[in-house]
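Pasted below: final03.txt, compact mmCIF, C-alpha atoms.
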```
# COMPACT_ATOMS: atom_id res chain seq x y z
CA MET K 1330 176.96 -88.06 -152.52
CA TRP K 1331 175.69 -87.18 -155.97
CA LEU K 1332 176.16 -90.78 -157.08
CA PHE K 1333 173.98 -91.84 -154.17
CA LEU K 1334 171.36 -89.29 -155.17
CA ALA K 1335 171.46 -90.66 -158.73
CA THR K 1336 170.73 -94.15 -157.39
CA GLU K 1337 167.86 -92.72 -155.37
CA ILE K 1338 166.38 -91.14 -158.47
CA LEU K 1339 166.59 -94.43 -160.31
CA MET K 1340 165.00 -96.30 -157.41
CA PHE K 1341 161.99 -93.99 -157.57
CA GLY K 1342 162.39 -94.11 -161.34
CA GLY K 1343 161.01 -97.65 -161.48
CA LEU K 1344 157.81 -96.47 -159.85
CA PHE K 1345 157.59 -93.40 -162.07
CA VAL K 1346 157.98 -95.57 -165.18
CA GLY K 1347 155.31 -97.99 -163.98
CA TYR K 1348 153.09 -95.02 -163.25
CA GLY K 1349 153.68 -93.57 -166.72
CA LEU K 1350 152.91 -96.84 -168.47
CA MET K 1351 149.73 -97.59 -166.58
CA GLN K 1352 148.55 -94.00 -166.82
CA SER K 1353 148.88 -94.21 -170.59
CA VAL K 1354 146.87 -97.45 -170.64
CA TYR K 1355 144.19 -96.52 -168.08
CA PRO K 1356 143.81 -92.74 -168.08
CA GLU K 1357 140.18 -92.99 -166.96
CA ALA K 1358 141.09 -95.10 -163.89
CA TRP K 1359 143.75 -92.53 -163.00
CA ILE K 1360 141.30 -89.68 -163.18
CA ALA K 1361 138.75 -91.60 -161.10
CA GLY K 1362 141.42 -92.55 -158.57
CA HIS K 1363 142.82 -89.08 -158.10
CA HIS K 1364 139.37 -87.72 -157.25
CA HIS K 1365 139.75 -89.52 -153.93
CA LEU K 1366 142.86 -87.54 -153.07
CA ASP K 1367 142.60 -84.23 -151.30
CA ARG K 1368 144.29 -81.54 -153.38
CA ILE K 1369 144.36 -79.08 -150.52
CA MET K 1370 146.17 -81.51 -148.26
CA GLY K 1371 148.57 -82.32 -151.08
CA ALA K 1372 149.20 -78.63 -151.74
CA ILE K 1373 149.78 -77.89 -148.04
CA ASN K 1374 152.26 -80.74 -147.92
CA THR K 1375 154.03 -79.35 -150.97
CA VAL K 1376 154.32 -75.98 -149.26
CA PHE K 1377 155.61 -77.68 -146.09
CA LEU K 1378 158.31 -79.53 -147.99
CA LEU K 1379 159.34 -76.46 -150.00
CA CYS K 1380 159.62 -74.42 -146.80
CA SER K 1381 161.57 -77.21 -145.11
CA SER K 1382 163.94 -77.25 -148.06
CA PHE K 1383 164.36 -73.51 -147.64
CA THR K 1384 165.07 -73.72 -143.89
CA MET K 1385 167.49 -76.57 -144.61
CA VAL K 1386 169.46 -74.52 -147.09
CA MET K 1387 169.48 -71.65 -144.58
CA ALA K 1388 170.88 -74.06 -141.98
CA VAL K 1389 173.66 -75.02 -144.37
CA HIS K 1390 174.26 -71.35 -145.06
CA TYR K 1391 174.47 -70.41 -141.36
CA SER K 1392 176.61 -73.41 -140.45
CA SER K 1393 179.09 -72.38 -143.13
CA THR K 1394 179.19 -68.86 -141.70
CA ASN K 1395 179.70 -69.92 -138.06
CA ASN K 1396 176.25 -68.90 -136.89
CA LYS K 1397 175.48 -71.71 -134.48
CA GLY K 1398 172.22 -70.33 -133.11
CA LYS K 1399 170.59 -69.76 -136.48
CA THR K 1400 171.85 -73.12 -137.77
CA ILE K 1401 170.08 -74.91 -134.93
CA MET K 1402 166.97 -72.80 -135.30
CA ASN K 1403 166.70 -73.57 -139.01
CA LEU K 1404 167.34 -77.26 -138.48
CA LEU K 1405 164.55 -77.37 -135.90
CA LEU K 1406 162.23 -75.52 -138.29
CA THR K 1407 163.06 -78.08 -140.96
CA LEU K 1408 162.16 -80.86 -138.54
CA GLY K 1409 158.92 -79.05 -137.73
CA PHE K 1410 157.89 -78.80 -141.39
CA ALA K 1411 158.80 -82.45 -141.94
CA ALA K 1412 156.70 -83.47 -138.94
CA GLY K 1413 153.81 -81.37 -140.29
CA PHE K 1414 154.15 -83.20 -143.60
CA LEU K 1415 153.92 -86.57 -141.89
CA VAL K 1416 150.92 -85.52 -139.78
CA ILE K 1417 149.00 -84.52 -142.90
CA LYS K 1418 150.11 -87.70 -144.63
CA TYR K 1419 148.78 -89.65 -141.65
CA PHE K 1420 145.36 -88.04 -141.99
CA GLU K 1421 145.33 -88.79 -145.72
CA TYR K 1422 146.29 -92.43 -145.19
CA ALA K 1423 143.76 -92.86 -142.37
CA HIS K 1424 141.03 -91.48 -144.63
CA LYS K 1425 141.96 -93.91 -147.42
CA PHE K 1426 142.16 -96.90 -145.08
CA HIS K 1427 138.74 -96.00 -143.79
CA ASP K 1428 137.28 -95.85 -147.31
CA GLY K 1429 138.96 -99.09 -148.37
CA LEU K 1430 140.98 -97.27 -151.05
CA LEU K 1431 143.82 -99.74 -150.77
CA PRO K 1432 146.21 -101.14 -153.34
CA GLY K 1433 145.67 -104.25 -155.46
CA ARG K 1434 143.60 -107.05 -153.97
CA PHE K 1435 143.06 -105.14 -150.73
CA PHE K 1436 141.01 -102.60 -152.63
CA ALA K 1437 137.63 -102.55 -150.86
CA TYR K 1438 135.97 -99.38 -152.06
CA HIS K 1439 132.34 -99.82 -153.05
CA GLY K 1440 131.60 -96.38 -154.43
CA GLY K 1441 131.93 -97.46 -158.05
CA GLY K 1442 134.39 -96.39 -160.71
CA PRO K 1443 136.76 -98.42 -162.86
CA ALA K 1444 138.31 -101.54 -161.27
CA GLU K 1445 141.76 -100.36 -162.35
CA GLN K 1446 141.57 -97.71 -159.64
CA ALA K 1447 143.05 -100.40 -157.41
CA MET K 1448 146.20 -100.03 -159.46
CA PHE K 1449 146.24 -96.28 -159.07
CA PHE K 1450 146.20 -96.76 -155.32
CA GLY K 1451 148.92 -99.37 -155.64
CA PHE K 1452 151.11 -96.70 -157.17
CA TYR K 1453 149.87 -94.08 -154.75
CA PHE K 1454 150.83 -96.09 -151.69
CA CYS K 1455 154.13 -97.36 -153.10
CA MET K 1456 155.25 -93.91 -154.21
CA THR K 1457 154.09 -91.90 -151.22
CA GLY K 1458 155.11 -94.73 -148.88
CA LEU K 1459 158.64 -94.91 -150.20
CA HIS K 1460 158.77 -91.14 -150.11
CA GLY K 1461 157.41 -91.14 -146.55
CA ILE K 1462 160.16 -93.54 -145.49
CA HIS K 1463 162.64 -91.10 -146.96
CA VAL K 1464 161.08 -88.28 -144.96
CA VAL K 1465 161.43 -90.30 -141.76
CA ILE K 1466 165.07 -91.14 -142.54
CA GLY K 1467 165.66 -87.49 -143.37
CA MET K 1468 164.18 -86.42 -140.02
CA ALA K 1469 166.47 -88.86 -138.21
CA LEU K 1470 169.48 -87.46 -140.07
CA ILE K 1471 168.46 -83.86 -139.38
CA SER K 1472 168.00 -84.67 -135.67
CA TRP K 1473 171.50 -86.15 -135.61
CA ILE K 1474 172.89 -83.06 -137.35
CA THR K 1475 171.03 -80.80 -134.91
CA LEU K 1476 172.60 -82.58 -131.93
CA ARG K 1477 176.04 -82.23 -133.47
CA ALA K 1478 175.39 -78.56 -134.22
CA MET K 1479 174.39 -78.06 -130.58
CA LYS K 1480 177.74 -79.50 -129.54
CA GLY K 1481 179.36 -76.88 -131.74
CA GLU K 1482 180.98 -79.33 -134.12
CA PHE K 1483 180.37 -77.30 -137.27
CA SER K 1484 182.13 -74.23 -138.55
CA SER K 1485 183.04 -72.63 -141.85
CA ALA K 1486 186.01 -75.03 -141.91
CA TYR K 1487 183.85 -78.12 -141.48
CA TYR K 1488 180.15 -78.32 -142.24
CA THR K 1489 180.13 -81.23 -144.71
CA PRO K 1490 177.57 -83.33 -142.75
CA VAL K 1491 175.08 -80.45 -142.76
CA ASP K 1492 175.72 -79.98 -146.45
CA LEU K 1493 175.21 -83.65 -147.32
CA VAL K 1494 172.10 -84.12 -145.18
CA GLY K 1495 170.85 -80.97 -146.88
CA LEU K 1496 171.40 -82.50 -150.31
CA TYR K 1497 169.52 -85.61 -149.26
CA TRP K 1498 166.66 -83.52 -147.91
CA HIS K 1499 166.43 -81.49 -151.10
CA LEU K 1500 166.17 -84.71 -153.09
CA VAL K 1501 163.25 -85.79 -150.91
CA ASP K 1502 161.64 -82.42 -151.69
CA LEU K 1503 162.47 -82.79 -155.36
CA ILE K 1504 160.72 -86.17 -155.60
CA TRP K 1505 157.64 -84.75 -153.93
CA ILE K 1506 157.65 -81.91 -156.45
CA TYR K 1507 156.94 -84.59 -159.07
CA LEU K 1508 154.69 -86.78 -156.94
CA PHE K 1509 152.29 -83.97 -156.12
CA PRO K 1510 151.15 -83.12 -159.67
CA LEU K 1511 151.35 -86.73 -160.85
CA LEU K 1512 149.18 -88.15 -158.08
CA TYR K 1513 146.95 -85.27 -157.02
CA LEU K 1514 146.50 -83.19 -160.13
CA VAL K 1515 145.74 -85.65 -162.94
CA ASN K 1516 142.79 -84.23 -164.77
CA MET D 1494 181.73 -76.21 -152.87
CA SER D 1495 184.83 -74.05 -152.67
CA ASP D 1496 183.15 -71.36 -154.73
CA HIS D 1497 180.20 -71.56 -152.45
CA ALA D 1498 181.93 -69.42 -149.84
CA HIS D 1499 182.11 -66.43 -152.20
CA ALA D 1500 178.37 -66.29 -152.67
CA HIS D 1501 177.46 -66.04 -149.01
CA SER D 1502 176.59 -62.40 -148.64
CA SER D 1503 173.93 -62.59 -151.33
CA SER D 1504 172.91 -66.24 -151.06
CA ALA D 1505 170.43 -65.80 -148.20
CA ARG D 1506 168.45 -63.33 -150.30
CA ILE D 1507 168.60 -65.60 -153.34
CA TYR D 1508 167.24 -68.48 -151.25
CA VAL D 1509 164.26 -66.37 -150.22
CA LEU D 1510 163.60 -65.47 -153.86
CA ILE D 1511 163.84 -69.12 -154.91
CA LEU D 1512 161.42 -70.14 -152.18
CA GLY D 1513 159.01 -67.49 -153.41
CA ALA D 1514 159.35 -68.72 -156.99
CA LEU D 1515 158.75 -72.33 -155.89
CA LEU D 1516 155.62 -71.39 -153.97
CA VAL D 1517 154.27 -69.37 -156.90
CA LEU D 1518 154.93 -72.27 -159.27
CA THR D 1519 153.10 -74.60 -156.90
CA GLY D 1520 150.12 -72.28 -157.15
CA VAL D 1521 150.45 -72.28 -160.94
CA THR D 1522 150.44 -76.10 -161.05
CA VAL D 1523 147.34 -76.31 -158.89
CA GLY D 1524 145.66 -73.63 -161.00
CA ALA D 1525 146.62 -75.35 -164.25
CA ALA D 1526 145.02 -78.57 -163.00
CA TYR D 1527 141.63 -76.84 -163.06
CA VAL D 1528 142.05 -75.73 -166.67
CA ASN D 1529 141.28 -78.23 -169.41
CA PHE D 1530 144.01 -78.05 -172.05
CA GLY D 1531 142.33 -80.57 -174.33
CA SER D 1532 143.34 -83.94 -172.97
CA SER D 1533 144.62 -85.45 -169.76
CA SER D 1534 147.96 -86.12 -171.47
CA ILE D 1535 148.48 -82.44 -172.26
CA ASN D 1536 147.57 -81.47 -168.70
CA LEU D 1537 149.99 -84.09 -167.42
CA ILE D 1538 152.78 -82.82 -169.66
CA ILE D 1539 152.19 -79.23 -168.48
CA ALA D 1540 152.25 -80.35 -164.85
CA VAL D 1541 155.48 -82.27 -165.38
CA LEU D 1542 157.06 -79.29 -167.16
CA ILE D 1543 156.24 -76.98 -164.24
CA ALA D 1544 157.58 -79.61 -161.84
CA THR D 1545 160.77 -79.75 -163.89
CA VAL D 1546 161.22 -75.99 -163.62
CA LYS D 1547 160.79 -76.28 -159.85
CA ALA D 1548 163.18 -79.23 -159.67
CA THR D 1549 165.75 -77.26 -161.66
CA LEU D 1550 165.48 -74.34 -159.24
CA VAL D 1551 165.93 -76.67 -156.25
CA ALA D 1552 168.90 -78.44 -157.84
CA MET D 1553 170.64 -75.28 -159.04
CA PHE D 1554 170.21 -73.11 -155.96
CA PHE D 1555 169.25 -75.16 -152.90
CA MET D 1556 171.52 -78.02 -153.89
CA HIS D 1557 174.01 -75.40 -155.13
CA LEU D 1558 174.82 -77.28 -158.33
CA ARG D 1559 175.39 -73.83 -159.82
CA HIS D 1560 178.57 -73.46 -157.75
CA ASP D 1561 179.64 -77.10 -157.75
CA PRO D 1562 182.23 -78.70 -160.00
CA PRO D 1563 180.49 -79.77 -163.22
CA ILE D 1564 180.95 -83.48 -162.47
CA ASN D 1565 178.09 -83.34 -159.94
CA ALA D 1566 175.71 -81.87 -162.48
CA ILE D 1567 176.85 -84.45 -165.04
CA ILE D 1568 176.07 -87.31 -162.63
CA PHE D 1569 172.72 -85.80 -161.73
CA VAL D 1570 171.59 -85.03 -165.27
CA SER D 1571 172.80 -88.38 -166.60
CA SER D 1572 170.65 -90.17 -164.02
CA LEU D 1573 167.68 -88.20 -165.38
CA ILE D 1574 168.61 -89.06 -168.96
CA PHE D 1575 168.72 -92.76 -168.07
CA LEU D 1576 165.39 -92.40 -166.34
CA GLY D 1577 164.05 -90.89 -169.57
CA LEU D 1578 165.35 -93.87 -171.57
CA PHE D 1579 163.88 -96.22 -168.98
CA LEU D 1580 160.51 -94.56 -169.48
CA LEU D 1581 160.75 -94.18 -173.25
CA PHE D 1582 161.36 -97.78 -174.29
CA PRO D 1583 158.56 -99.41 -172.25
CA LEU D 1584 156.23 -96.67 -173.52
CA ILE D 1585 157.13 -97.49 -177.13
CA ASP D 1586 156.64 -101.15 -176.32
CA ILE D 1587 153.28 -100.77 -174.63
CA GLY D 1588 152.09 -98.41 -177.35
CA SER D 1589 152.60 -101.17 -179.92
CA ARG D 1590 150.50 -103.75 -178.07
CA ASP D 1591 146.88 -104.50 -177.38
CA LYS D 1592 145.52 -103.39 -174.05
CA VAL D 1593 147.59 -104.90 -171.25
CA VAL D 1594 145.60 -106.47 -168.44
CA PRO D 1595 147.42 -106.47 -165.11
CA TYR D 1596 147.64 -109.77 -163.28
CA GLY D 1597 145.25 -108.93 -160.46
CA LEU D 1598 142.48 -107.85 -162.85
CA ARG D 1599 142.73 -110.76 -165.29
CA VAL D 1600 139.60 -112.50 -164.01
CA GLN D 1601 137.36 -109.74 -165.29
CA ALA D 1602 139.02 -109.90 -168.70
CA GLN D 1603 138.21 -113.59 -169.20
CA PRO D 1604 135.11 -113.24 -171.41
CA ALA D 1605 137.16 -111.48 -174.06
CA ALA D 1606 140.06 -113.91 -173.78
CA GLN D 1607 137.88 -117.01 -174.00
CA LYS D 1608 137.30 -116.42 -177.70
CA GLN D 1609 140.75 -117.89 -178.30
CA ALA D 1610 140.22 -120.83 -175.93
CA PRO D 1611 138.36 -123.24 -178.28
CA ALA D 1612 141.19 -123.08 -180.79
CA ALA D 1613 143.83 -123.73 -178.14
CA ALA D 1614 142.04 -126.43 -176.13
CA PRO D 1615 142.12 -129.40 -178.59
CA ALA D 1616 145.84 -129.03 -179.14
CA SER D 1617 146.81 -129.43 -175.48
CA GLY D 1618 144.07 -131.75 -174.19
CA GLY D 1619 141.52 -131.09 -171.49
CA ALA D 1620 143.60 -132.24 -168.49
CA HIS D 1621 145.88 -129.23 -168.33
CA ALA D 1622 144.15 -126.59 -170.34
CA PRO D 1623 146.16 -123.39 -170.65
CA ALA D 1624 145.08 -120.31 -168.79
CA PRO D 1625 142.71 -118.15 -170.83
CA GLY D 1626 144.61 -116.02 -173.24
CA ALA D 1627 147.91 -117.85 -172.77
CA PRO D 1628 149.44 -119.47 -175.86
CA ALA D 1629 149.08 -123.25 -176.05
CA PRO D 1630 152.28 -125.03 -174.95
CA ALA D 1631 154.19 -126.72 -177.75
CA HIS D 1632 154.62 -130.47 -177.15
```

So, in terms of structure tokens, how does the structure I just supplied come out?
Amino acid sequence: MWLFLATEILMFGGLFVGYGLMQSVYPEAWIAGHHHLDRIMGAINTVFLLCSSFTMVMAVHYSSTNNKGKTIMNLLLTLGFAAGFLVIKYFEYAHKFHDGLLPGRFFAYHGGGPAEQAMFFGFYFCMTGLHGIHVVIGMALISWITLRAMKGEFSSAYYTPVDLVGLYWHLVDLIWIYLFPLLYLVN
Amino acid sequence: MSDHAHAHSSSARIYVLILGALLVLTGVTVGAAYVNFGSSSINLIIAVLIATVKATLVAMFFMHLRHDPPINAIIFVSSLIFLGLFLLFPLIDIGSRDKVVPYGLRVQAQPAAQKQAPAAAPASGGAHAPAPGAPAPAH
């Protein structure tokens, strides 16, 4: 599982490296670009993901101590936070589509600012998009785990699936921990 | 994971504390973004450092690396070290070059690049003139 997580880090790593290089070349475009992002929405999403990580670890904890009811409750809470994350992400994306703040040659914003902003939004959409896909996959996995927990398949003797889905979910949280300051808080 | 079972009585409380610490650090990052530390690079470095503290908390406690066999931490940290190398070498490279113009934005950079064009054009002939800024092909 940890090897898989390492490959995940390196997959996002390519984007982070590209981001780092272009930020060092075009700092002014990055600052102009990030002004179009809503810090409050980003911060709320950070809180959502941190809380979901917490409820996930509580689910792992309760499944390992044979507490079926609280396991299911925490898994459902995790799903709820993840859904909240995606809803906010939807509003952010819709806003950007409306303003024409799109990556590369689709960039159609006419409010001025450096042309390289198009690149900032290229990174923005690639990074948050890939992360969003991970959130959706994570929600599917958590739903699957919730169903199995409802069937009473987990106990202190066997809770590995909960544990591993938890690890995956924490990685998704971990990546967002970096994405949030890098995309929303460049100043 | 076998050691994990021993920590159960106290772990729920630790998780709450970690969540609190993570939320506080999120507030600190947002707050720090409003303070000007001199340059955008310094602000970025501070933000990444805070994020790293948060990531460490998540990895150590939520991902219970603290109780895992060391091999898991070795795999995890080595992936980060390789990511650091991956970032470091291109940064050294790009720092030693003139401003890099990404492909999609090259049209706007043409006036500057055309200064080299007269020198390159006679060598290759007018029929297939090289793209502005590109080195003349050797025949």

For CA of Thr1475 in chain K and CA of Leu1516 in chain D, the interatomic separation in Å (one decimal):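 Value for the CA of Thr1475 in chain K-CA of Leu1516 in chain D distance: 26.3 Å.
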
Length of the CA of Phe1575 in chain D to CA of Phe1554 in chain D vector [Å]: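 CA of Phe1575 in chain D sits 23.1 Å away from CA of Phe1554 in chain D.
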
Contact set, chain K to chain D: 8 Å, all atoms listed in the file, as a PyMOL selection string: chain K and resi 1331-1332+1334-1336+1338-1339+1342+1346+1349-1350+1354+1356+1372+1375-1376+1379-1380+1382-1383+1386-1387+1390+1393+1433-1434+1444-1445+1495-1496+1499+1503+1506-1507+1510-1511+1514-1516

What would the file look like if the residues just selected were written as a CSV table (one decimal), keeping the file's coordinate frame with C-alpha atoms?
```csv
chain,number,residue,atom,x,y,z
K,1331,TRP,CA,175.7,-87.2,-156.0
K,1332,LEU,CA,176.2,-90.8,-157.1
K,1334,LEU,CA,171.4,-89.3,-155.2
K,1335,ALA,CA,171.5,-90.7,-158.7
K,1336,THR,CA,170.7,-94.2,-157.4
K,1338,ILE,CA,166.4,-91.1,-158.5
K,1339,LEU,CA,166.6,-94.4,-160.3
K,1342,GLY,CA,162.4,-94.1,-161.3
K,1346,VAL,CA,158.0,-95.6,-165.2
K,1349,GLY,CA,153.7,-93.6,-166.7
K,1350,LEU,CA,152.9,-96.8,-168.5
K,1354,VAL,CA,146.9,-97.4,-170.6
K,1356,PRO,CA,143.8,-92.7,-168.1
K,1372,ALA,CA,149.2,-78.6,-151.7
K,1375,THR,CA,154.0,-79.4,-151.0
K,1376,VAL,CA,154.3,-76.0,-149.3
K,1379,LEU,CA,159.3,-76.5,-150.0
K,1380,CYS,CA,159.6,-74.4,-146.8
K,1382,SER,CA,163.9,-77.2,-148.1
K,1383,PHE,CA,164.4,-73.5,-147.6
K,1386,VAL,CA,169.5,-74.5,-147.1
K,1387,MET,CA,169.5,-71.6,-144.6
K,1390,HIS,CA,174.3,-71.4,-145.1
K,1393,SER,CA,179.1,-72.4,-143.1
K,1433,GLY,CA,145.7,-104.2,-155.5
K,1434,ARG,CA,143.6,-107.0,-154.0
K,1444,ALA,CA,138.3,-101.5,-161.3
K,1445,GLU,CA,141.8,-100.4,-162.4
K,1495,GLY,CA,170.8,-81.0,-146.9
K,1496,LEU,CA,171.4,-82.5,-150.3
K,1499,HIS,CA,166.4,-81.5,-151.1
K,1503,LEU,CA,162.5,-82.8,-155.4
K,1506,ILE,CA,157.6,-81.9,-156.4
K,1507,TYR,CA,156.9,-84.6,-159.1
K,1510,PRO,CA,151.2,-83.1,-159.7
K,1511,LEU,CA,151.4,-86.7,-160.8
K,1514,LEU,CA,146.5,-83.2,-160.1
K,1515,VAL,CA,145.7,-85.6,-162.9
K,1516,ASN,CA,142.8,-84.2,-164.8
```

Pick from K:Leu1500, K:Leu1470, K:Ala1412, K:Leu1459, whichever lies nearest to Gly1343 in chain K using only C-alpha atoms: K:Leu1459

d(CA of Phe1377 in chain K, CA of Phe1410 in chain K) in Å: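 Pair CA of Phe1377 in chain K / CA of Phe1410 in chain K returns 5.3 Å.
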
Residue among K:Met1448, K:Leu1415, K:Met1402, K:Met1370 lying closest to Met1468 in chain K, counting all atoms listed in the file: K:Leu1415

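When only C-alpha atoms are used to measure the gap to Ala1388 in chain K, the shortest distance among K:Met1340, K:Leu1404, K:Ile1373, K:Leu1508 belongs to K:Leu1404.
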